[in-house]
file data_5.txt (compact mmCIF, C-alpha atoms and all ligand atoms)
# COMPACT_ATOMS: atom_id res chain seq x y z
CA MET A 124 -107.11 54.30 22.40
CA ASP A 125 -106.29 56.68 25.18
CA ARG A 126 -102.95 58.34 25.70
CA ASP A 127 -101.92 56.13 28.62
CA SER A 128 -102.26 52.91 26.64
CA VAL A 129 -99.69 53.96 24.01
CA PRO A 130 -96.17 52.85 24.90
CA SER A 131 -93.55 55.59 24.99
CA LEU A 132 -90.97 55.57 22.24
CA VAL A 133 -88.57 57.68 24.29
CA ASP A 134 -88.09 57.31 28.02
CA SER A 135 -88.79 60.28 30.25
CA GLY A 136 -85.10 60.66 31.21
CA ASN A 137 -84.14 61.21 27.58
CA VAL A 138 -86.98 63.68 27.10
CA ARG A 139 -85.82 65.70 30.12
CA SER A 140 -82.22 65.54 28.93
CA CYS A 141 -83.17 66.76 25.43
CA ARG A 142 -85.30 69.57 26.81
CA GLY A 143 -82.44 70.65 29.03
CA GLN A 144 -80.01 70.66 26.11
CA LEU A 145 -82.40 72.65 23.93
CA GLU A 146 -82.84 75.19 26.70
CA GLU A 147 -79.08 75.45 27.17
CA ASN A 148 -78.58 75.91 23.41
CA ARG A 149 -81.22 78.64 23.36
CA ARG A 150 -79.77 80.38 26.42
CA ARG A 151 -76.21 80.27 25.10
CA LYS A 152 -77.21 81.04 21.52
CA ARG A 153 -75.58 77.94 20.03
CA ASN A 154 -78.18 77.73 17.28
CA HIS A 155 -77.35 79.23 13.92
CA VAL A 156 -73.81 80.30 14.73
CA PRO A 157 -72.32 82.04 11.68
CA ALA A 158 -68.89 80.83 10.58
CA ARG A 159 -67.24 84.16 11.40
CA ALA A 160 -68.53 84.07 14.99
CA GLY A 161 -65.78 81.84 16.28
CA LEU A 162 -65.48 78.22 17.21
CA LEU A 163 -66.34 78.72 20.86
CA GLN A 164 -69.35 81.01 20.59
CA GLY A 165 -71.99 79.75 22.96
CA LEU A 166 -69.66 77.10 24.33
CA THR A 167 -67.86 79.38 26.74
CA VAL A 168 -69.55 81.20 29.56
CA CYS A 169 -68.45 84.12 31.69
CA ARG A 170 -67.33 83.05 35.13
CA ARG A 171 -68.53 86.32 36.65
CA CYS A 172 -72.09 86.60 35.33
CA GLY A 173 -72.90 83.28 33.61
CA TYR A 174 -73.81 84.77 30.24
CA ALA A 175 -72.35 83.21 27.10
CA TYR A 176 -69.38 84.61 25.24
CA TYR A 177 -69.85 85.45 21.58
CA GLY A 178 -67.31 85.88 18.80
CA LYS A 179 -66.54 89.26 17.32
CA THR A 180 -63.93 90.86 15.10
CA ALA A 181 -62.21 94.17 15.70
CA PRO A 182 -63.64 96.46 12.97
CA ARG A 183 -60.88 99.07 12.92
CA ILE A 184 -58.18 96.47 12.41
CA ALA A 185 -60.33 94.74 9.80
CA GLN A 186 -60.41 97.97 7.78
CA ILE A 187 -56.65 98.36 7.93
CA ARG A 188 -55.67 94.70 7.57
CA PRO A 189 -58.74 92.73 6.45
CA ALA A 190 -56.76 89.50 6.02
CA ASN A 191 -55.49 89.69 9.58
CA THR A 192 -58.45 90.73 11.66
CA LEU A 193 -58.33 90.46 15.41
CA ARG A 194 -61.00 88.10 16.67
CA TYR A 195 -62.12 88.04 20.27
CA TYR A 196 -64.87 86.74 22.50
CA ARG A 197 -67.04 89.07 24.45
CA CYS A 198 -69.36 88.46 27.40
CA THR A 199 -73.00 89.02 26.46
CA GLY A 200 -73.57 90.51 29.91
CA ALA A 201 -71.05 93.27 29.11
CA ASP A 202 -73.29 94.68 26.35
CA GLY A 203 -75.31 97.43 27.97
CA TYR A 204 -77.72 97.71 25.05
CA ARG A 205 -78.95 94.20 25.82
CA PHE A 206 -79.88 95.20 29.38
CA ASN A 207 -81.71 98.52 29.09
CA GLY A 208 -78.48 100.47 28.69
CA LYS A 209 -76.63 99.11 31.73
CA ALA A 210 -74.21 96.19 31.43
CA VAL A 211 -74.60 93.48 34.04
CA CYS A 212 -70.94 92.44 33.74
CA HIS A 213 -67.63 94.24 33.42
CA ASN A 214 -65.43 91.38 32.26
CA GLY A 215 -63.32 92.42 29.31
CA PRO A 216 -63.07 90.64 25.97
CA VAL A 217 -60.77 87.66 25.50
CA ARG A 218 -58.57 87.33 22.40
CA GLY A 219 -59.98 84.61 20.16
CA ASP A 220 -56.67 83.07 19.14
CA GLN A 221 -55.53 82.80 22.75
CA LEU A 222 -58.80 81.36 24.09
CA GLU A 223 -59.05 78.84 21.25
CA GLN A 224 -55.44 77.80 21.84
CA VAL A 225 -56.09 77.20 25.55
CA VAL A 226 -59.27 75.23 24.86
CA TRP A 227 -57.60 73.20 22.12
CA GLY A 228 -54.75 72.34 24.49
CA GLN A 229 -57.25 71.12 27.07
CA VAL A 230 -59.16 69.11 24.46
CA ARG A 231 -55.91 67.49 23.34
CA SER A 232 -54.93 66.56 26.87
CA LEU A 233 -58.41 65.17 27.49
CA LEU A 234 -58.24 63.04 24.35
CA GLU A 235 -54.96 61.61 25.59
CA GLU A 236 -56.87 60.22 28.57
CA PRO A 237 -59.76 58.23 27.08
CA ASP A 238 -60.69 56.88 30.52
CA ARG A 239 -61.61 60.42 31.60
CA VAL A 240 -63.89 60.77 28.57
CA ALA A 241 -65.55 57.44 29.34
CA ASP A 242 -65.98 58.35 33.03
CA GLU A 243 -67.60 61.66 32.14
CA TYR A 244 -69.86 59.99 29.59
CA ARG A 245 -71.04 57.47 32.19
CA ARG A 246 -71.54 60.22 34.77
CA ARG A 247 -73.71 62.24 32.38
CA ILE A 248 -75.74 59.22 31.30
CA GLY A 249 -76.32 58.46 34.96
CA GLN A 250 -77.51 62.01 35.58
CA ALA A 251 -79.84 61.89 32.58
CA HIS A 252 -81.39 58.66 33.83
CA ASP A 253 -81.76 60.09 37.33
CA GLY A 254 -83.53 63.11 35.87
CA ALA A 255 -80.94 65.50 37.23
CA ALA A 256 -80.20 68.63 35.28
CA MET A 257 -77.01 68.69 33.27
CA PRO A 258 -74.25 70.45 35.12
CA ASP A 259 -73.66 74.05 34.27
CA GLU A 260 -69.95 73.55 34.29
CA ASN A 261 -68.69 75.99 31.68
CA ARG A 262 -68.79 79.05 33.91
CA SER A 263 -65.49 80.32 32.61
CA PRO A 264 -63.82 80.35 29.24
CA GLN A 265 -61.95 77.20 30.25
CA ILE A 266 -62.75 73.53 30.30
CA THR A 267 -62.80 72.37 33.89
CA ARG A 268 -62.32 68.87 35.22
ZN ZN B 301 -69.87 88.34 32.22

call {"tool": "encode", "arguments": {"input": "data_5.txt", "output": "structure tokens"}}
result
Amino acid sequence: MDRDSVPSLVDSGNVRSCRGQLEENRRRKRNHVPARAGLLQGLTVCRRCGYAYYGKTAPRIAQIRPANTLRYYRCTGADGYRFNGKAVCHNGPVRGDQLEQVVWGQVRSLLEEPDRVADEYRRRIGQAHDGAAMPDENRSPQITR
């Protein structure tokens, strides 16, 4: 039996969609996120440079008040050591509690409008079937409409 005579179990649109998601996960480092990294690590992206934000704690405060550490999100592009000693972005860190509060507020408002969720779901399914790449819509640490 040759390869062309075997029916596909998964349609090509789903294969492309899965490959795109795996690539996005790899690029934004969503795989193997440690619990201390922060809820939004890899889910928020710098508006200026497009690199993912990652969670971090402030070490000096952690030494003084370990139970009340300051968490923040930092743009990967702002780390010079990752780019041969020269950062590609100069965006500053964002406080974790504030960013998570903003995102949670937007998630709550979205959940109060189930029609918006359904519309977005249908739009993305349509894109996957058309073979279009998933939108790269998280260019800032905010959820956009
Ligand atoms: Zn950046």

call {"tool": "atom_distance", "arguments": {"input": "data_5.txt", "atom1": "CA of Ser140 in chain A", "atom2": "CA of Ala251 in chain A"}}
result
5.7 Å

call {"tool": "residues_near_ligand", "arguments": {"input": "data_5.txt", "ligand": "ligand ZN 301 (chain B)", "cutoff": "12 Å", "atoms": "only C-alpha atoms and all ligand atoms", "output": "PyMOL selection string"}}
result
chain A and resi 167-177+196-203+210-217+262-264

call {"tool": "residues_around", "arguments": {"input": "data_5.txt", "residues": "Gly219 in chain A", "least_positions_apart": "6", "cutoff": "8 Å", "atoms": "all atoms listed in the file", "output": "mmCIF file with C-alpha atoms, keeping the file's coordinate frame"}}
result
data_model
loop_
_atom_site.group_PDB
_atom_site.id
_atom_site.type_symbol
_atom_site.label_atom_id
_atom_site.label_comp_id
_atom_site.auth_asym_id
_atom_site.auth_seq_id
_atom_site.Cartn_x
_atom_site.Cartn_y
_atom_site.Cartn_z
ATOM 1 C CA GLY A 161 -65.780 81.840 16.280
ATOM 2 C CA GLY A 178 -67.310 85.880 18.800
ATOM 3 C CA LEU A 193 -58.330 90.460 15.410
ATOM 4 C CA ARG A 194 -61.000 88.100 16.670
ATOM 5 C CA TYR A 195 -62.120 88.040 20.270
ATOM 6 C CA TYR A 196 -64.870 86.740 22.500
#

call {"tool": "atom_distance", "arguments": {"input": "data_5.txt", "atom1": "CA of Arg142 in chain A", "atom2": "CA of Arg205 in chain A"}}
result
25.5 Å

call {"tool": "atom_distance", "arguments": {"input": "data_5.txt", "atom1": "CA of Ala241 in chain A", "atom2": "CA of Asp253 in chain A"}}
result
18.3 Å

call {"tool": "closest_residue", "arguments": {"input": "data_5.txt", "among": "A:Lys209, A:Leu163, A:Thr180, A:Arg246", "to": "Gln224 in chain A", "atoms": "only C-alpha atoms"}}
result
A:Leu163

call {"tool": "closest_residue", "arguments": {"input": "data_5.txt", "among": "A:Arg239, A:Leu162, A:Ser131, A:Ile248", "to": "Trp227 in chain A", "atoms": "only C-alpha atoms"}}
result
A:Leu162

call {"tool": "build_atoms", "arguments": {"input": "data_5.txt", "residues": "range 198-221 of chain A", "atoms": "N, CA and C atoms", "output": "compact mmCIF listing (two decimals), keeping the file's coordinate frame"}}
result
# COMPACT_ATOMS: atom_id res chain seq x y z
N CYS A 198 -68.27 88.88 26.52
CA CYS A 198 -69.36 88.46 27.40
C CYS A 198 -70.65 89.19 27.00
N THR A 199 -71.71 88.43 26.81
CA THR A 199 -73.00 89.02 26.46
C THR A 199 -73.48 89.97 27.55
N GLY A 200 -73.15 89.66 28.80
CA GLY A 200 -73.57 90.51 29.91
C GLY A 200 -72.88 91.86 29.92
N ALA A 201 -71.79 92.01 29.16
CA ALA A 201 -71.05 93.27 29.11
C ALA A 201 -71.64 94.24 28.09
N ASP A 202 -72.65 93.81 27.35
CA ASP A 202 -73.29 94.68 26.35
C ASP A 202 -74.47 95.40 26.99
N GLY A 203 -74.26 96.66 27.31
CA GLY A 203 -75.31 97.43 27.97
C GLY A 203 -76.60 97.49 27.19
N TYR A 204 -76.50 97.57 25.86
CA TYR A 204 -77.72 97.71 25.05
C TYR A 204 -78.65 96.51 25.20
N ARG A 205 -78.11 95.38 25.63
CA ARG A 205 -78.95 94.20 25.82
C ARG A 205 -79.71 94.25 27.15
N PHE A 206 -79.32 95.16 28.03
CA PHE A 206 -79.88 95.20 29.38
C PHE A 206 -80.34 96.62 29.72
N ASN A 207 -81.15 97.18 28.86
CA ASN A 207 -81.71 98.52 29.09
C ASN A 207 -80.63 99.57 29.35
N GLY A 208 -79.52 99.45 28.62
CA GLY A 208 -78.48 100.47 28.69
C GLY A 208 -77.46 100.29 29.79
N LYS A 209 -77.61 99.29 30.64
CA LYS A 209 -76.63 99.11 31.73
C LYS A 209 -76.12 97.67 31.71
N ALA A 210 -74.81 97.53 31.46
CA ALA A 210 -74.21 96.19 31.43
C ALA A 210 -74.34 95.53 32.79
N VAL A 211 -74.51 94.22 32.78
CA VAL A 211 -74.60 93.48 34.04
C VAL A 211 -73.25 92.85 34.40
N CYS A 212 -72.26 93.02 33.52
CA CYS A 212 -70.94 92.44 33.74
C CYS A 212 -69.87 93.38 33.21
N HIS A 213 -68.72 93.36 33.86
CA HIS A 213 -67.63 94.24 33.42
C HIS A 213 -66.39 93.44 33.02
N ASN A 214 -66.56 92.15 32.77
CA ASN A 214 -65.43 91.38 32.26
C ASN A 214 -65.07 91.85 30.86
N GLY A 215 -63.78 91.96 30.61
CA GLY A 215 -63.32 92.42 29.31
C GLY A 215 -63.32 91.30 28.29
N PRO A 216 -63.13 91.66 27.02
CA PRO A 216 -63.07 90.64 25.97
C PRO A 216 -61.82 89.78 26.09
N VAL A 217 -61.88 88.61 25.49
CA VAL A 217 -60.77 87.66 25.50
C VAL A 217 -60.35 87.47 24.05
N ARG A 218 -59.04 87.53 23.78
CA ARG A 218 -58.57 87.33 22.40
C ARG A 218 -58.94 85.94 21.92
N GLY A 219 -59.50 85.87 20.72
CA GLY A 219 -59.98 84.61 20.16
C GLY A 219 -58.87 83.60 19.96
N ASP A 220 -57.75 84.03 19.40
CA ASP A 220 -56.67 83.07 19.14
C ASP A 220 -56.13 82.48 20.44
N GLN A 221 -56.05 83.30 21.48
CA GLN A 221 -55.53 82.80 22.75
C GLN A 221 -56.51 81.85 23.44
